[in-house]
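Below: structure-v5.cif (mmCIF, C-alpha atoms, pLDDT in the B column; chains and numbers go by the auth columns)
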```cif
data_protein
loop_
_atom_site.group_PDB
_atom_site.id
_atom_site.type_symbol
_atom_site.label_atom_id
_atom_site.label_comp_id
_atom_site.label_asym_id
_atom_site.label_seq_id
_atom_site.Cartn_x
_atom_site.Cartn_y
_atom_site.Cartn_z
_atom_site.B_iso_or_equiv
_atom_site.auth_seq_id
_atom_site.auth_asym_id
ATOM 1 C CA MET A 1 -105.143 -24.490 -16.032 68.00 1 H
ATOM 2 C CA GLY A 2 -101.458 -25.029 -16.680 75.00 2 H
ATOM 3 C CA THR A 3 -101.356 -28.111 -14.472 81.00 3 H
ATOM 4 C CA LEU A 4 -104.227 -29.638 -16.395 82.00 4 H
ATOM 5 C CA ILE A 5 -102.536 -28.946 -19.729 80.00 5 H
ATOM 6 C CA PHE A 6 -99.205 -30.403 -18.606 81.00 6 H
ATOM 7 C CA SER A 7 -100.814 -33.520 -17.122 85.00 7 H
ATOM 8 C CA ALA A 8 -102.831 -34.065 -20.318 83.00 8 H
ATOM 9 C CA THR A 9 -99.626 -33.646 -22.324 84.00 9 H
ATOM 10 C CA ALA A 10 -97.820 -36.184 -20.128 85.00 10 H
ATOM 11 C CA ILE A 11 -100.653 -38.674 -20.593 85.00 11 H
ATOM 12 C CA LEU A 12 -100.568 -38.167 -24.359 85.00 12 H
ATOM 13 C CA VAL A 13 -96.789 -38.680 -24.407 84.00 13 H
ATOM 14 C CA VAL A 14 -97.005 -41.893 -22.360 86.00 14 H
ATOM 15 C CA MET A 15 -99.790 -43.228 -24.577 86.00 15 H
ATOM 16 C CA GLY A 16 -97.805 -42.088 -27.616 82.00 16 H
ATOM 17 C CA PHE A 17 -95.234 -44.848 -27.221 83.00 17 H
ATOM 18 C CA THR A 18 -97.676 -47.156 -29.003 83.00 18 H
ATOM 19 C CA ASN A 19 -99.421 -44.600 -31.208 83.00 19 H
ATOM 20 C CA HIS A 20 -97.222 -41.832 -32.572 82.00 20 H
ATOM 21 C CA THR A 21 -100.208 -39.710 -33.561 87.00 21 H
ATOM 22 C CA LEU A 22 -100.678 -38.967 -29.872 86.00 22 H
ATOM 23 C CA TRP A 23 -97.229 -37.351 -29.838 84.00 23 H
ATOM 24 C CA LEU A 24 -98.501 -34.905 -32.430 87.00 24 H
ATOM 25 C CA ALA A 25 -101.569 -34.280 -30.294 88.00 25 H
ATOM 26 C CA ALA A 26 -99.336 -33.551 -27.285 86.00 26 H
ATOM 27 C CA VAL A 27 -97.287 -31.090 -29.315 88.00 27 H
ATOM 28 C CA ALA A 28 -100.476 -29.443 -30.570 88.00 28 H
ATOM 29 C CA VAL A 29 -101.828 -29.089 -27.028 87.00 29 H
ATOM 30 C CA LEU A 30 -98.593 -27.481 -25.838 86.00 30 H
ATOM 31 C CA PHE A 31 -98.491 -25.182 -28.849 86.00 31 H
ATOM 32 C CA LEU A 32 -102.062 -24.006 -28.280 85.00 32 H
ATOM 33 C CA TYR A 33 -101.381 -23.462 -24.588 85.00 33 H
ATOM 34 C CA VAL A 34 -98.258 -21.414 -25.255 85.00 34 H
ATOM 35 C CA ARG A 35 -99.908 -19.471 -28.073 83.00 35 H
ATOM 36 C CA TYR A 36 -103.302 -18.713 -26.517 81.00 36 H
ATOM 37 C CA GLY A 37 -103.528 -20.049 -22.966 74.00 37 H
ATOM 38 C CA ARG A 38 -101.006 -17.918 -21.092 68.00 38 H
ATOM 39 C CA THR A 39 -101.550 -14.620 -22.899 56.00 39 H
ATOM 40 C CA GLY A 40 -105.303 -14.598 -23.290 52.00 40 H
ATOM 41 C CA GLY A 41 -105.207 -14.771 -27.078 48.00 41 H
ATOM 42 C CA ASN A 42 -102.866 -11.854 -27.712 50.00 42 H
ATOM 43 C CA ALA A 43 -99.460 -13.507 -27.985 45.00 43 H
ATOM 44 C CA SER A 44 -97.912 -10.819 -30.176 49.00 44 H
ATOM 45 C CA ALA A 45 -98.473 -8.059 -27.608 46.00 45 H
ATOM 46 C CA ALA A 46 -97.025 -10.136 -24.786 46.00 46 H
ATOM 47 C CA SER A 47 -93.908 -11.128 -26.689 48.00 47 H
ATOM 48 C CA SER A 48 -93.032 -7.703 -28.064 47.00 48 H
ATOM 49 C CA PRO A 49 -90.501 -5.809 -25.983 47.00 49 H
ATOM 50 C CA GLY A 50 -91.169 -2.296 -24.756 47.00 50 H
ATOM 51 C CA THR A 51 -89.208 0.721 -25.884 45.00 51 H
ATOM 52 C CA PRO A 52 -86.189 1.629 -23.705 47.00 52 H
ATOM 53 C CA GLY A 53 -87.911 4.569 -22.013 47.00 53 H
ATOM 54 C CA THR A 54 -91.156 2.761 -21.151 48.00 54 H
ATOM 55 C CA PRO A 55 -91.867 -0.250 -18.977 49.00 55 H
ATOM 56 C CA GLY A 56 -92.028 -3.592 -20.749 48.00 56 H
ATOM 57 C CA PRO A 57 -95.060 -5.799 -21.229 49.00 57 H
ATOM 58 C CA GLY A 58 -94.703 -7.303 -17.751 47.00 58 H
ATOM 59 C CA ALA A 59 -95.419 -3.984 -16.039 48.00 59 H
ATOM 60 C CA GLY A 60 -98.875 -3.196 -14.716 49.00 60 H
ATOM 61 C CA ALA A 61 -101.779 -5.372 -13.686 52.00 61 H
ATOM 62 C CA SER A 62 -102.926 -6.324 -17.188 52.00 62 H
ATOM 63 C CA GLY A 63 -99.465 -6.954 -18.637 56.00 63 H
ATOM 64 C CA ALA A 64 -100.010 -4.559 -21.522 55.00 64 H
ATOM 65 C CA ARG A 65 -99.253 -0.927 -22.126 64.00 65 H
ATOM 66 C CA PRO A 66 -102.062 1.464 -21.160 69.00 66 H
ATOM 67 C CA ASP A 67 -102.594 2.698 -24.717 72.00 67 H
ATOM 68 C CA SER A 68 -103.069 -0.802 -26.133 79.00 68 H
ATOM 69 C CA SER A 69 -105.385 -1.866 -23.313 88.00 69 H
ATOM 70 C CA TYR A 70 -107.419 1.315 -23.737 89.00 70 H
ATOM 71 C CA ARG A 71 -107.562 0.694 -27.487 89.00 71 H
ATOM 72 C CA ALA A 72 -108.836 -2.817 -26.822 91.00 72 H
ATOM 73 C CA TYR A 73 -111.400 -1.378 -24.398 92.00 73 H
ATOM 74 C CA ARG A 74 -112.568 1.124 -27.037 93.00 74 H
ATOM 75 C CA ASP A 75 -112.859 -1.633 -29.615 93.00 75 H
ATOM 76 C CA ARG A 76 -114.950 -3.765 -27.264 94.00 76 H
ATOM 77 C CA ARG A 77 -117.120 -0.779 -26.331 95.00 77 H
ATOM 78 C CA ASP A 78 -117.708 0.169 -29.969 96.00 78 H
ATOM 79 C CA ARG A 79 -118.499 -3.431 -30.914 95.00 79 H
ATOM 80 C CA GLN A 80 -121.025 -3.636 -28.065 96.00 80 H
ATOM 81 C CA ALA A 81 -122.637 -0.335 -29.101 95.00 81 H
ATOM 82 C CA ARG A 82 -122.971 -1.545 -32.703 96.00 82 H
ATOM 83 C CA TRP A 83 -124.542 -4.765 -31.498 94.00 83 H
ATOM 84 C CA GLU A 84 -127.018 -2.868 -29.290 92.00 84 H
ATOM 85 C CA ARG A 85 -127.996 -0.515 -32.127 92.00 85 H
ATOM 86 C CA ARG A 86 -128.550 -3.494 -34.407 93.00 86 H
ATOM 87 C CA TYR A 87 -130.631 -5.269 -31.755 90.00 87 H
ATOM 88 C CA ARG A 88 -132.820 -2.185 -31.252 89.00 88 H
ATOM 89 C CA ARG A 89 -133.254 -1.785 -35.005 90.00 89 H
ATOM 90 C CA GLU A 90 -134.159 -5.442 -35.619 90.00 90 H
ATOM 91 C CA ARG A 91 -136.353 -5.891 -32.514 88.00 91 H
ATOM 92 C CA PRO A 92 -138.044 -2.564 -31.755 85.00 92 H
ATOM 93 C CA LEU A 93 -140.837 -4.005 -29.598 86.00 93 H
ATOM 94 C CA GLU A 94 -138.459 -6.020 -27.447 84.00 94 H
ATOM 95 C CA SER A 95 -136.079 -3.107 -26.977 79.00 95 H
ATOM 96 C CA ARG A 96 -138.951 -0.795 -25.932 81.00 96 H
ATOM 97 C CA ARG A 97 -140.156 -3.405 -23.439 82.00 97 H
ATOM 98 C CA GLN A 98 -136.667 -3.651 -21.964 80.00 98 H
ATOM 99 C CA GLU A 99 -136.351 0.133 -21.674 82.00 99 H
ATOM 100 C CA ARG A 100 -139.561 0.312 -19.606 82.00 100 H
ATOM 101 C CA LYS A 101 -138.153 -2.011 -16.953 76.00 101 H
#
```
Would you give me this structure, written as structure tokens?
Amino acid sequence: MGTLIFSATAILVVMGFTNHTLWLAAVAVLFLYVRYGRTGGNASAASSPGTPGTPGPGAGASGARPDSSYRAYRDRRDRQARWERRYRRERPLESRRQERK
């Protein structure tokens, strides 16, 4: 993904010698990649340092502290449960048919 972004940026810079708007597009592409591409949309959690007694954001497989990743998991789980309750409420026949399978 990073290679594709950097090659697209290089192309925009080379083409930008005749059209300076493409320079702005190259800067925008790099900004979006740095802001959302490397961190998965959570740039503030990845850039905040850890407290002295705990490992920093680079520790662990997910790159985040266990409490924040569990909180994100709970939020996703609760959002999914709300969606499923709404689906069952709005489509009772379909939900009953799916439960029989």
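You will find CA of Ser69 (chain H) at 22.0 Å from CA of Tyr33 (chain H).
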Residues within 7 Å of region 5-17 of chain H, please, as a short mmCIF file (atom, residue, chain, number, x, y, z; two decimals) with C-alpha atoms, in the coordinates of the input. Count all atoms listed in the file; anything in the same chain fewer than 6 positions from it doesn't count.
```cif
data_model
loop_
_atom_site.label_atom_id
_atom_site.label_comp_id
_atom_site.auth_asym_id
_atom_site.auth_seq_id
_atom_site.Cartn_x
_atom_site.Cartn_y
_atom_site.Cartn_z
CA TRP H 23 -97.23 -37.35 -29.84
CA ALA H 26 -99.34 -33.55 -27.28
CA VAL H 29 -101.83 -29.09 -27.03
#
```
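Distance-wise, CA of Gly2 (chain H) and CA of Gly37 (chain H) end up 8.3 Å apart.
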- Query: What is the CA of Leu32 (chain H)-CA of Arg76 (chain H) distance in Å, reported with one decimal?
  - Reply: 24.0 Å
